[in-house]
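Student: For reference, this is run18.pdb, and it has PDB, C-alpha atoms and all ligand atoms.
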ATOM      1  CA  MET A   1    -124.044-213.004  25.736  1.00  0.00           C
ATOM      2  CA  GLN A   2    -122.969-209.932  27.654  1.00  0.00           C
ATOM      3  CA  LEU A   3    -120.047-207.536  27.342  1.00  0.00           C
ATOM      4  CA  ARG A   4    -117.598-208.414  30.126  1.00  0.00           C
ATOM      5  CA  HIS A   5    -114.539-206.438  29.006  1.00  0.00           C
ATOM      6  CA  THR A   6    -114.786-203.317  26.814  1.00  0.00           C
ATOM      7  CA  LEU A   7    -112.405-202.940  23.847  1.00  0.00           C
ATOM      8  CA  PRO A   8    -110.242-200.282  25.587  1.00  0.00           C
ATOM      9  CA  ALA A   9    -110.001-202.558  28.694  1.00  0.00           C
ATOM     10  CA  ARG A  10    -108.824-205.456  26.497  1.00  0.00           C
ATOM     11  CA  ILE A  11    -106.328-203.275  24.634  1.00  0.00           C
ATOM     12  CA  PHE A  12    -104.997-202.034  27.978  1.00  0.00           C
ATOM     13  CA  HIS A  13    -104.830-205.618  29.268  1.00  0.00           C
ATOM     14  CA  TRP A  14    -102.853-206.985  26.331  1.00  0.00           C
ATOM     15  CA  THR A  15    -100.429-204.043  26.208  1.00  0.00           C
ATOM     16  CA  LEU A  16     -99.852-203.723  29.965  1.00  0.00           C
ATOM     17  CA  ALA A  17     -99.600-207.506  30.604  1.00  0.00           C
ATOM     18  CA  PRO A  18     -96.506-208.106  28.370  1.00  0.00           C
ATOM     19  CA  LEU A  19     -94.964-204.842  29.625  1.00  0.00           C
ATOM     20  CA  ALA A  20     -95.427-205.908  33.272  1.00  0.00           C
ATOM     21  CA  ILE A  21     -93.892-209.316  32.554  1.00  0.00           C
ATOM     22  CA  ALA A  22     -90.989-207.682  30.643  1.00  0.00           C
ATOM     23  CA  LEU A  23     -90.429-205.238  33.495  1.00  0.00           C
ATOM     24  CA  VAL A  24     -90.272-207.979  36.130  1.00  0.00           C
ATOM     25  CA  THR A  25     -88.085-210.375  34.122  1.00  0.00           C
ATOM     26  CA  THR A  26     -85.566-207.749  32.945  1.00  0.00           C
ATOM     27  CA  GLY A  27     -85.549-206.258  36.477  1.00  0.00           C
ATOM     28  CA  LEU A  28     -84.642-209.617  38.013  1.00  0.00           C
ATOM     29  CA  TYR A  29     -82.054-210.171  35.257  1.00  0.00           C
ATOM     30  CA  ILE A  30     -80.382-206.825  36.008  1.00  0.00           C
ATOM     31  CA  THR A  31     -80.332-207.598  39.753  1.00  0.00           C
ATOM     32  CA  ASN A  32     -78.440-210.825  39.216  1.00  0.00           C
ATOM     33  CA  PRO A  33     -77.072-211.050  35.652  1.00  0.00           C
ATOM     34  CA  PRO A  34     -75.494-214.346  34.530  1.00  0.00           C
ATOM     35  CA  ARG A  35     -71.680-214.292  34.428  1.00  0.00           C
ATOM     36  CA  THR A  36     -71.519-215.782  30.968  1.00  0.00           C
ATOM     37  CA  GLY A  37     -73.446-214.614  27.917  1.00  0.00           C
ATOM     38  CA  GLY A  38     -76.391-212.207  27.789  1.00  0.00           C
ATOM     39  CA  SER A  39     -76.177-208.469  27.509  1.00  0.00           C
ATOM     40  CA  LEU A  40     -76.702-206.342  30.582  1.00  0.00           C
ATOM     41  CA  ARG A  41     -76.856-203.223  28.415  1.00  0.00           C
ATOM     42  CA  THR A  42     -79.720-204.595  26.325  1.00  0.00           C
ATOM     43  CA  ALA A  43     -81.555-205.753  29.456  1.00  0.00           C
ATOM     44  CA  ARG A  44     -81.183-202.263  30.973  1.00  0.00           C
ATOM     45  CA  ARG A  45     -82.443-200.589  27.800  1.00  0.00           C
ATOM     46  CA  LEU A  46     -85.437-202.929  27.587  1.00  0.00           C
ATOM     47  CA  HIS A  47     -86.159-202.441  31.273  1.00  0.00           C
ATOM     48  CA  ASN A  48     -86.099-198.639  31.018  1.00  0.00           C
ATOM     49  CA  LEU A  49     -88.294-198.682  27.904  1.00  0.00           C
ATOM     50  CA  ALA A  50     -90.802-201.122  29.460  1.00  0.00           C
ATOM     51  CA  GLY A  51     -90.809-198.991  32.646  1.00  0.00           C
ATOM     52  CA  MET A  52     -91.629-195.759  30.772  1.00  0.00           C
ATOM     53  CA  LEU A  53     -94.325-197.405  28.605  1.00  0.00           C
ATOM     54  CA  PHE A  54     -95.832-199.282  31.558  1.00  0.00           C
ATOM     55  CA  THR A  55     -95.999-196.132  33.718  1.00  0.00           C
ATOM     56  CA  GLY A  56     -97.707-194.152  30.934  1.00  0.00           C
ATOM     57  CA  GLY A  57    -100.087-197.029  30.152  1.00  0.00           C
ATOM     58  CA  LEU A  58    -100.907-197.591  33.803  1.00  0.00           C
ATOM     59  CA  ILE A  59    -101.777-193.919  34.366  1.00  0.00           C
ATOM     60  CA  ALA A  60    -104.106-194.071  31.329  1.00  0.00           C
ATOM     61  CA  ARG A  61    -105.608-197.388  32.570  1.00  0.00           C
ATOM     62  CA  LEU A  62    -106.224-196.022  36.064  1.00  0.00           C
ATOM     63  CA  TYR A  63    -107.833-192.889  34.598  1.00  0.00           C
ATOM     64  CA  TYR A  64    -110.086-195.051  32.389  1.00  0.00           C
ATOM     65  CA  GLY A  65    -110.998-197.250  35.390  1.00  0.00           C
ATOM     66  CA  PHE A  66    -111.681-194.148  37.488  1.00  0.00           C
ATOM     67  CA  LEU A  67    -114.046-192.715  34.844  1.00  0.00           C
ATOM     68  CA  ARG A  68    -115.932-196.045  34.773  1.00  0.00           C
ATOM     69  CA  ARG A  69    -115.928-196.245  38.579  1.00  0.00           C
ATOM     70  CA  GLU A  70    -114.309-199.674  38.356  1.00  0.00           C
ATOM     71  CA  TRP A  71    -113.296-199.708  42.007  1.00  0.00           C
ATOM     72  CA  ARG A  72    -116.856-200.903  42.743  1.00  0.00           C
ATOM     73  CA  MET A  73    -116.058-204.193  40.966  1.00  0.00           C
ATOM     74  CA  ILE A  74    -112.524-204.521  42.284  1.00  0.00           C
ATOM     75  CA  LEU A  75    -112.436-203.676  45.994  1.00  0.00           C
ATOM     76  CA  PRO A  76    -113.145-206.784  48.143  1.00  0.00           C
ATOM     77  CA  GLU A  77    -116.476-206.343  49.965  1.00  0.00           C
ATOM     78  CA  ARG A  78    -117.901-207.973  53.073  1.00  0.00           C
ATOM     79  CA  HIS A  79    -119.735-210.663  51.081  1.00  0.00           C
ATOM     80  CA  ASP A  80    -116.448-211.519  49.292  1.00  0.00           C
ATOM     81  CA  LEU A  81    -114.604-211.890  52.590  1.00  0.00           C
ATOM     82  CA  LYS A  82    -117.344-214.174  53.932  1.00  0.00           C
ATOM     83  CA  LYS A  83    -116.735-216.477  50.967  1.00  0.00           C
ATOM     84  CA  LEU A  84    -112.954-216.444  51.416  1.00  0.00           C
ATOM     85  CA  PRO A  85    -112.788-219.795  53.349  1.00  0.00           C
ATOM     86  CA  ALA A  86    -115.020-221.494  50.727  1.00  0.00           C
ATOM     87  CA  PHE A  87    -112.872-220.009  47.940  1.00  0.00           C
ATOM     88  CA  ALA A  88    -109.646-221.183  49.635  1.00  0.00           C
ATOM     89  CA  ALA A  89    -111.119-224.681  50.097  1.00  0.00           C
ATOM     90  CA  TYR A  90    -112.036-224.795  46.388  1.00  0.00           C
ATOM     91  CA  GLN A  91    -108.599-223.565  45.272  1.00  0.00           C
ATOM     92  CA  LEU A  92    -106.887-226.111  47.535  1.00  0.00           C
ATOM     93  CA  TYR A  93    -108.938-228.974  46.014  1.00  0.00           C
ATOM     94  CA  LEU A  94    -110.703-229.616  49.334  1.00  0.00           C
ATOM     95  CA  THR A  95    -114.152-229.262  47.787  1.00  0.00           C
ATOM     96  CA  GLU A  96    -115.656-229.344  44.296  1.00  0.00           C
ATOM     97  CA  LYS A  97    -118.169-226.651  45.219  1.00  0.00           C
ATOM     98  CA  LYS A  98    -117.116-223.450  43.494  1.00  0.00           C
ATOM     99  CA  PRO A  99    -118.346-220.321  45.317  1.00  0.00           C
ATOM    100  CA  LYS A 100    -120.146-217.753  43.147  1.00  0.00           C
ATOM    101  CA  PHE A 101    -119.042-214.124  42.945  1.00  0.00           C
ATOM    102  CA  ARG A 102    -120.500-211.064  41.180  1.00  0.00           C
ATOM    103  CA  LYS A 103    -117.806-210.324  38.573  1.00  0.00           C
ATOM    104  CA  TYR A 104    -114.376-211.200  39.935  1.00  0.00           C
ATOM    105  CA  ASN A 105    -113.616-213.806  42.579  1.00  0.00           C
ATOM    106  CA  VAL A 106    -112.141-212.688  45.887  1.00  0.00           C
ATOM    107  CA  GLY A 107    -108.616-213.819  44.893  1.00  0.00           C
ATOM    108  CA  GLN A 108    -108.600-211.687  41.747  1.00  0.00           C
ATOM    109  CA  LYS A 109    -110.155-208.793  43.688  1.00  0.00           C
ATOM    110  CA  PHE A 110    -107.308-208.839  46.206  1.00  0.00           C
ATOM    111  CA  ILE A 111    -104.760-208.904  43.390  1.00  0.00           C
ATOM    112  CA  TYR A 112    -106.439-206.089  41.406  1.00  0.00           C
ATOM    113  CA  THR A 113    -106.628-203.961  44.571  1.00  0.00           C
ATOM    114  CA  PHE A 114    -103.010-204.690  45.466  1.00  0.00           C
ATOM    115  CA  TRP A 115    -101.569-203.792  42.030  1.00  0.00           C
ATOM    116  CA  PRO A 116    -102.267-200.010  41.914  1.00  0.00           C
ATOM    117  CA  LEU A 117    -100.987-199.700  45.494  1.00  0.00           C
ATOM    118  CA  ALA A 118     -97.849-201.697  44.664  1.00  0.00           C
ATOM    119  CA  ALA A 119     -97.277-199.653  41.495  1.00  0.00           C
ATOM    120  CA  LEU A 120     -97.575-196.451  43.512  1.00  0.00           C
ATOM    121  CA  LEU A 121     -94.755-197.644  45.776  1.00  0.00           C
ATOM    122  CA  VAL A 122     -92.575-199.627  43.346  1.00  0.00           C
ATOM    123  CA  LEU A 123     -92.552-197.494  40.173  1.00  0.00           C
ATOM    124  CA  PRO A 124     -91.195-194.356  41.930  1.00  0.00           C
ATOM    125  CA  LEU A 125     -88.340-196.501  43.316  1.00  0.00           C
ATOM    126  CA  GLY A 126     -87.480-197.462  39.727  1.00  0.00           C
ATOM    127  CA  PHE A 127     -87.430-193.798  38.719  1.00  0.00           C
ATOM    128  CA  PHE A 128     -85.199-192.984  41.703  1.00  0.00           C
ATOM    129  CA  LEU A 129     -82.637-195.522  40.463  1.00  0.00           C
ATOM    130  CA  TYR A 130     -83.021-194.312  36.855  1.00  0.00           C
ATOM    131  CA  ALA A 131     -82.081-190.735  37.800  1.00  0.00           C
ATOM    132  CA  PRO A 132     -80.340-190.912  41.201  1.00  0.00           C
ATOM    133  CA  LYS A 133     -78.955-187.372  41.006  1.00  0.00           C
ATOM    134  CA  LEU A 134     -82.387-185.897  40.347  1.00  0.00           C
ATOM    135  CA  PHE A 135     -83.936-187.913  43.179  1.00  0.00           C
ATOM    136  CA  ALA A 136     -81.037-187.573  45.628  1.00  0.00           C
ATOM    137  CA  LEU A 137     -83.307-186.265  48.397  1.00  0.00           C
ATOM    138  CA  PRO A 138     -85.933-189.070  48.443  1.00  0.00           C
ATOM    139  CA  ILE A 139     -83.108-191.639  48.073  1.00  0.00           C
ATOM    140  CA  LYS A 140     -81.388-190.143  51.125  1.00  0.00           C
ATOM    141  CA  ARG A 141     -84.685-190.115  53.068  1.00  0.00           C
ATOM    142  CA  LEU A 142     -85.184-193.824  52.267  1.00  0.00           C
ATOM    143  CA  GLY A 143     -81.727-194.710  53.591  1.00  0.00           C
ATOM    144  CA  GLY A 144     -79.526-194.651  50.487  1.00  0.00           C
ATOM    145  CA  LEU A 145     -79.235-196.365  47.105  1.00  0.00           C
ATOM    146  CA  ASN A 146     -78.797-199.889  48.487  1.00  0.00           C
ATOM    147  CA  ARG A 147     -81.935-199.601  50.577  1.00  0.00           C
ATOM    148  CA  VAL A 148     -83.884-198.366  47.506  1.00  0.00           C
ATOM    149  CA  ARG A 149     -82.493-201.321  45.489  1.00  0.00           C
ATOM    150  CA  ASN A 150     -83.581-203.766  48.191  1.00  0.00           C
ATOM    151  CA  LEU A 151     -87.064-202.288  48.467  1.00  0.00           C
ATOM    152  CA  LEU A 152     -87.441-202.434  44.681  1.00  0.00           C
ATOM    153  CA  TYR A 153     -86.217-206.038  44.643  1.00  0.00           C
ATOM    154  CA  TYR A 154     -88.765-207.196  47.249  1.00  0.00           C
ATOM    155  CA  GLY A 155     -91.493-205.192  45.530  1.00  0.00           C
ATOM    156  CA  THR A 156     -90.597-206.946  42.270  1.00  0.00           C
ATOM    157  CA  LEU A 157     -90.750-210.395  43.891  1.00  0.00           C
ATOM    158  CA  LEU A 158     -94.172-209.602  45.334  1.00  0.00           C
ATOM    159  CA  SER A 159     -95.373-208.315  41.953  1.00  0.00           C
ATOM    160  CA  ALA A 160     -94.059-211.447  40.207  1.00  0.00           C
ATOM    161  CA  ALA A 161     -95.909-213.660  42.708  1.00  0.00           C
ATOM    162  CA  THR A 162     -99.199-211.787  42.273  1.00  0.00           C
ATOM    163  CA  ILE A 163     -98.858-211.830  38.451  1.00  0.00           C
ATOM    164  CA  ALA A 164     -98.353-215.613  38.628  1.00  0.00           C
ATOM    165  CA  GLY A 165    -101.396-215.842  40.935  1.00  0.00           C
ATOM    166  CA  HIS A 166    -103.506-213.770  38.535  1.00  0.00           C
ATOM    167  CA  ILE A 167    -102.511-215.886  35.532  1.00  0.00           C
ATOM    168  CA  TYR A 168    -103.240-219.097  37.471  1.00  0.00           C
ATOM    169  CA  LEU A 169    -106.692-217.860  38.547  1.00  0.00           C
ATOM    170  CA  GLY A 170    -107.388-216.540  35.025  1.00  0.00           C
ATOM    171  CA  LEU A 171    -106.456-219.832  33.369  1.00  0.00           C
ATOM    172  CA  THR A 172    -108.315-222.050  35.848  1.00  0.00           C
ATOM    173  CA  ASP A 173    -111.579-220.145  36.433  1.00  0.00           C
ATOM    174  CA  SER A 174    -113.598-220.902  33.276  1.00  0.00           C
ATOM    175  CA  THR A 175    -113.067-221.040  29.519  1.00  0.00           C
ATOM    176  CA  GLY A 176    -115.871-218.500  29.043  1.00  0.00           C
ATOM    177  CA  LYS A 177    -114.095-215.917  31.222  1.00  0.00           C
ATOM    178  CA  LEU A 178    -110.747-216.719  29.628  1.00  0.00           C
ATOM    179  CA  LYS A 179    -112.245-216.136  26.165  1.00  0.00           C
ATOM    180  CA  SER A 180    -113.803-212.871  27.365  1.00  0.00           C
ATOM    181  CA  ILE A 181    -110.418-211.189  27.866  1.00  0.00           C
ATOM    182  CA  PHE A 182    -109.844-211.714  24.100  1.00  0.00           C
ATOM    183  CA  THR A 183    -113.353-211.264  22.664  1.00  0.00           C
ATOM    184  CA  GLY A 184    -114.942-209.087  25.352  1.00  0.00           C
ATOM    185  CA  CYS A 185    -118.116-211.226  25.432  1.00  0.00           C
ATOM    186  CA  TYR A 186    -119.176-213.701  28.089  1.00  0.00           C
ATOM    187  CA  LYS A 187    -122.075-216.165  28.265  1.00  0.00           C
ATOM    188  CA  ARG A 188    -123.239-216.849  31.826  1.00  0.00           C
ATOM    189  CA  GLY A 189    -122.242-220.271  33.139  1.00  0.00           C
ATOM    190  CA  THR A 190    -119.503-220.865  30.519  1.00  0.00           C
TER     191      THR A 190
HETATM  192  C1  LIG B   1    -100.543-214.516  29.963  1.00  0.00           C
HETATM  193  C2  LIG B   1    -100.885-213.733  30.934  1.00  0.00           C
HETATM  194  C3  LIG B   1    -102.292-213.395  31.353  1.00  0.00           C
HETATM  195  C4  LIG B   1    -103.469-214.071  31.195  1.00  0.00           C
HETATM  196  C5  LIG B   1    -103.705-215.414  30.536  1.00  0.00           C
HETATM  197  C6  LIG B   1    -104.512-213.250  31.776  1.00  0.00           C
HETATM  198  C7  LIG B   1    -105.846-213.584  31.823  1.00  0.00           C
HETATM  199  C8  LIG B   1    -106.848-212.778  32.265  1.00  0.00           C
HETATM  200  C9  LIG B   1    -108.253-213.097  32.253  1.00  0.00           C
HETATM  201  C10 LIG B   1    -108.839-214.414  31.778  1.00  0.00           C
HETATM  202  C11 LIG B   1    -108.921-212.035  32.741  1.00  0.00           C
HETATM  203  C12 LIG B   1    -110.439-211.919  32.871  1.00  0.00           C
HETATM  204  C13 LIG B   1    -110.904-212.453  34.193  1.00  0.00           C
HETATM  205  C14 LIG B   1    -112.411-212.439  34.288  1.00  0.00           C
HETATM  206  O1  LIG B   1    -113.065-211.952  33.375  1.00  0.00           O
HETATM  207  O2  LIG B   1    -112.908-212.920  35.302  1.00  0.00           O
HETATM  208  C15 LIG B   1    -107.961-211.026  33.079  1.00  0.00           C
HETATM  209  C16 LIG B   1    -108.265-209.786  33.613  1.00  0.00           C
HETATM  210  C17 LIG B   1    -107.339-208.879  34.049  1.00  0.00           C
HETATM  211  N1  LIG B   1    -105.962-209.001  33.957  1.00  0.00           N
HETATM  212 FE1  LIG B   1    -104.956-210.554  33.111  1.00  0.00          FE
HETATM  213  N2  LIG B   1    -103.947-212.120  32.287  1.00  0.00           N
HETATM  214  C18 LIG B   1    -102.590-212.185  32.059  1.00  0.00           C
HETATM  215  C19 LIG B   1    -101.648-211.255  32.464  1.00  0.00           C
HETATM  216  C20 LIG B   1    -101.921-210.121  33.149  1.00  0.00           C
HETATM  217  C21 LIG B   1    -100.928-209.219  33.685  1.00  0.00           C
HETATM  218  C22 LIG B   1     -99.424-209.432  33.576  1.00  0.00           C
HETATM  219  C23 LIG B   1    -101.596-208.190  34.250  1.00  0.00           C
HETATM  220  C24 LIG B   1    -101.051-206.961  34.930  1.00  0.00           C
HETATM  221  C25 LIG B   1     -99.954-206.899  35.583  1.00  0.00           C
HETATM  222  C26 LIG B   1    -103.017-208.441  34.119  1.00  0.00           C
HETATM  223  C27 LIG B   1    -104.032-207.633  34.585  1.00  0.00           C
HETATM  224  C28 LIG B   1    -105.383-207.885  34.511  1.00  0.00           C
HETATM  225  C29 LIG B   1    -106.420-207.005  35.008  1.00  0.00           C
HETATM  226  C30 LIG B   1    -106.208-205.653  35.721  1.00  0.00           C
HETATM  227  C31 LIG B   1    -107.647-207.621  34.704  1.00  0.00           C
HETATM  228  C32 LIG B   1    -109.032-207.057  35.040  1.00  0.00           C
HETATM  229  C33 LIG B   1    -109.859-206.836  33.860  1.00  0.00           C
HETATM  230  C34 LIG B   1    -109.546-205.720  32.940  1.00  0.00           C
HETATM  231  O3  LIG B   1    -108.488-205.090  32.946  1.00  0.00           O
HETATM  232  O4  LIG B   1    -110.400-205.470  32.120  1.00  0.00           O
HETATM  233  N3  LIG B   1    -103.166-209.628  33.443  1.00  0.00           N
HETATM  234  N4  LIG B   1    -106.702-211.500  32.788  1.00  0.00           N
END
Represent the structure contained in this file as structure tokens.
Ligand code: HEM

Tutor:
Amino acid sequence: MQLRHTLPARIFHWTLAPLAIALVTTGLYITNPPRTGGSLRTARRLHNLAGMLFTGGLIARLYYGFLRREWRMILPERHDLKKLPAFAAYQLYLTEKKPKFRKYNVGQKFIYTFWPLAALLVLPLGFFLYAPKLFALPIKRLGGLNRVRNLLYYGTLLSAATIAGHIYLGLTDSTGKLKSIFTGCYKRGT
């Protein structure tokens, strides 16, 4: 048995994951609320709360990852890219041969690398809409409120797709790795 995910990493995972899902779902709800039933006010409140908590949590998570030099495990390297065709073939059920990776597979690595970059672009847009008077200048530079709304909407769709991709890869990789995000421990080959 080896420690795959430290306790702080697991606590971060299981606080940030529901917040990210809440942020995306309430965000999409606010963009296109149903005409009957539901409360837009509650959705807005939840969205703002999830946004504040997620931003704070993400800054703490990135700081923790920076201290542990986690980028070494997350950034796709040349050997990962070489295995990309074999990984795609395995994911598309074209072969039963599962390529081996050091810690994370190339799909997860791309997603983990994409997320901080996406957050850096998407979260400020959310804050611009939260306080448009305060951020009047950047909103104007970006082409106005509607443009900011559109950018945030497409950013949200992309985030939702990558979250779905991450969950799919997490649930289908191996039971040992799935358990490790709860217990922290992982036995090789499980
Ligand atoms: C029900 C939803 C989710 C499930 C079942 C899940 C599952 C997993 C699993 C199994 C791992 C470990 C992979 C491995 O050890 O190879 C993992 C890691 C990770 N997950 Fe999730 N995940 C979920 C939601 C999310 C969401 C919504 C986010 C963020 C937006 C997220 C971010 C991460 C990150 C950054 C890691 C890297 C490891 C770490 O932080 O220690 N997960 N997840």

Student: Can you pull out the residues contacting stretch 135-150 of chain A? Cut-off 12 Å, using all atoms listed in the file, and skip same-chain residues under 2 positions away; I want them as a list in words.

Tutor: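 Surrounding residues, per the criterion: Gly27, Leu28, Ile30, Thr31, Leu121, Val122, Leu123, Pro124, Leu125, Gly126, Phe127, Phe128, Leu129, Tyr130, Ala131, Pro132, Lys133, Leu152, Tyr153, Tyr154, Gly155, Thr156 and Leu157 of chain A.
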
Student: Select, from A:Leu134, A:Ala88, A:Met73, A:Met52, the residue with the minimum atom-to-atom distance to ligand LIG 1 (chain B), counting all atoms listed in the file.

Tutor: A:Met73

Student: Please give me, as a count of residues only, the residues lying within 8 Å of ligand LIG 1 (chain B) when counting only C-alpha atoms and all ligand atoms.

Tutor: 34

Student: To one decimal place, how far is atom CA of A:Lys82 from atom CA of A:Leu94 in Å?

Tutor: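 The value is 17.4 Å.
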
Student: One decimal, in Å: what's the spacing between atom CA of A:Ala22 and atom CA of A:Leu46?

Tutor: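 Interatomic distance here is 7.9 Å.
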
Student: For a test of reading the model, state the distance in Å between atom CA of A:Leu7 and atom CA of A:Gly184, rounded to one decimal.

Tutor: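 These two atoms are separated by 6.8 Å.
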
Student: Counting only C-alpha atoms, figure out which residue out of A:Ala118, A:Ile11, A:Ser174, A:Tyr64 gets nearest to A:Ala160.

Tutor: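 Using only C-alpha atoms, the shortest distance to A:Ala160 belongs to A:Ala118.
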
Student: Go through A:Leu3, A:Leu120, A:Ala50, A:Leu40 and flag the residue nearest A:Leu62, using only C-alpha atoms for the distances.

Tutor: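 For A:Leu62, the nearest of the candidates is A:Leu120.
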
Student: From the list A:Cys185, A:Pro85, A:Pro116, A:Leu158, which residue is nearest A:Gly65 when using all atoms listed in the file?

Tutor: A:Pro116

Student: Considering all atoms listed in the file, return as a list of chain:residue names whatever protein or nucleic-acid residues lie within 7 Å of A:Gly176, sequence-local ones (same chain, fewer than 6 positions apart) excluded.

Tutor: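 Residues meeting the cut-off are A:Tyr186, A:Lys187, A:Thr190.
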
Student: Write the residues of the selection above to a file with C-alpha atoms, as a CSV table (one decimal), in the frame of the given file.

Tutor:
chain,number,residue,atom,x,y,z
A,186,TYR,CA,-119.2,-213.7,28.1
A,187,LYS,CA,-122.1,-216.2,28.3
A,190,THR,CA,-119.5,-220.9,30.5

Student: Please determine, counting only C-alpha atoms, which residue among A:Lys100, A:Leu67, A:Ala60, A:Gly37 has the shortest atom-to-atom distance to A:His79.

Tutor: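 Closest candidate: A:Lys100.
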
Student: Would you mind telling me which residue in A:Thr15, A:Thr42, A:Asp80, A:Tyr90 lies nearest to A:Phe54 when using all atoms listed in the file?

Tutor: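 Closest candidate: A:Thr15.
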
Student: Excluding same-chain residues fewer than 5 positions from A:Pro76, what lies within 9 Å of it counting only C-alpha atoms, as a list in words?

Tutor: Leu81, Asn105, Val106, Gly107, Lys109, Phe110 and Thr113 of chain A
